[in-house]
Amino acid sequence: MVEEANEELKKADEYLRKHRILELFSDLCASVCFHKPSDLRGFLLEELQLREREGAHAGNFEDAEIKAVFNLTDLMQMGVISEAQARKALLALANSHKQKEDVEAIELPPEVDEAIFLQKAKDALQFR
């Protein structure tokens with residue numbers, strides 16, 4: 001009986017991982033916290049439809065917010081940051097395991113300016 005229960009738990013865990021259910025719920029919760037919608041059910045329905053339509057893990061940040069992250073990273077206000085700084089800043093913006101993997105895999109030049117940072121954020125994090 002215990003072995004059967006363990007096997008069912010393993011199957012359930014495998015299903016959750018395969019379909020990234022926990023990641024989906026985490027993304028939805030982060031989106032709800034960010035947007036604070038008055039119509040929660042309608043908002044969640046729209047978010048799920050967006051993911052179904054676009055197949056993307058849409059981000060929650062606007063261009064101005066991404067640029068602000070770049071400016072916080074560019075402490076000396078030189079207009080460029082290193083590849084390592086850019087990757088660390090992009091990882092800070094990632095709100096899912098998929099986005100983290102995409103940031104880790106993205107190619108960055110040795111020096112990244114604001115325009116490149118913004119584009120790489122949109123590419124890797126699939127922002128709206």
# chains A, B, ... in the order shown; residues from 1 in each chain; ligands from 1

$ select_by_dssp --residues "chain A" --states "strand (DSSP E)" --output "list of chain:residue names"
A:Val80, A:Ile81, A:Ser82, A:Glu111, A:Val112, A:Asp113

$ closest_residue --among "A:Ala121, A:Ile21, A:Ala86, A:Ala5" --to "A:Glu65" --atoms "only C-alpha atoms"
A:Ala121

$ residues_around --residues "A:Leu22" --least-positions-apart "4" --cutoff "12 Å" --atoms "only C-alpha atoms" --output "list of chain:residue names"
A:Ala12, A:Asp13, A:Glu14, A:Tyr15, A:Leu16, A:Arg17, A:Lys18, A:Ser26, A:Asp27, A:Leu28, A:Cys29, A:Ser96, A:His97, A:Lys98

$ residues_around --residues "A:Ala89" --least-positions-apart "4" --cutoff "10 Å" --atoms "only C-alpha atoms" --output "list in words"
Ile66, Val69, Phe70, Leu72, Thr73, Glu83, Ala84, Gln85, Leu93, Ala94, Val103, Phe117 and Ala121 of chain A

$ residues_around --residues "A:Ile116" --least-positions-apart "5" --cutoff "12 Å" --atoms "only C-alpha atoms" --output "list in words"
Ile66, Lys67, Phe70, Gly79, Val80, Ile81, Ser82, Glu83, Ala86, Arg87, Leu90, Glu107, Leu108, Pro109, Pro110, Glu111, Ala121, Lys122, Asp123 and Ala124 of chain A

$ atom_distance --atom1 "atom CA of A:Leu118" --atom2 "atom CA of A:Asp63"
7.1 Å

$ closest_residue --among "A:Leu24, A:Arg51, A:Glu114, A:Gln126" --to "A:Met78" --atoms "only C-alpha atoms"
A:Glu114
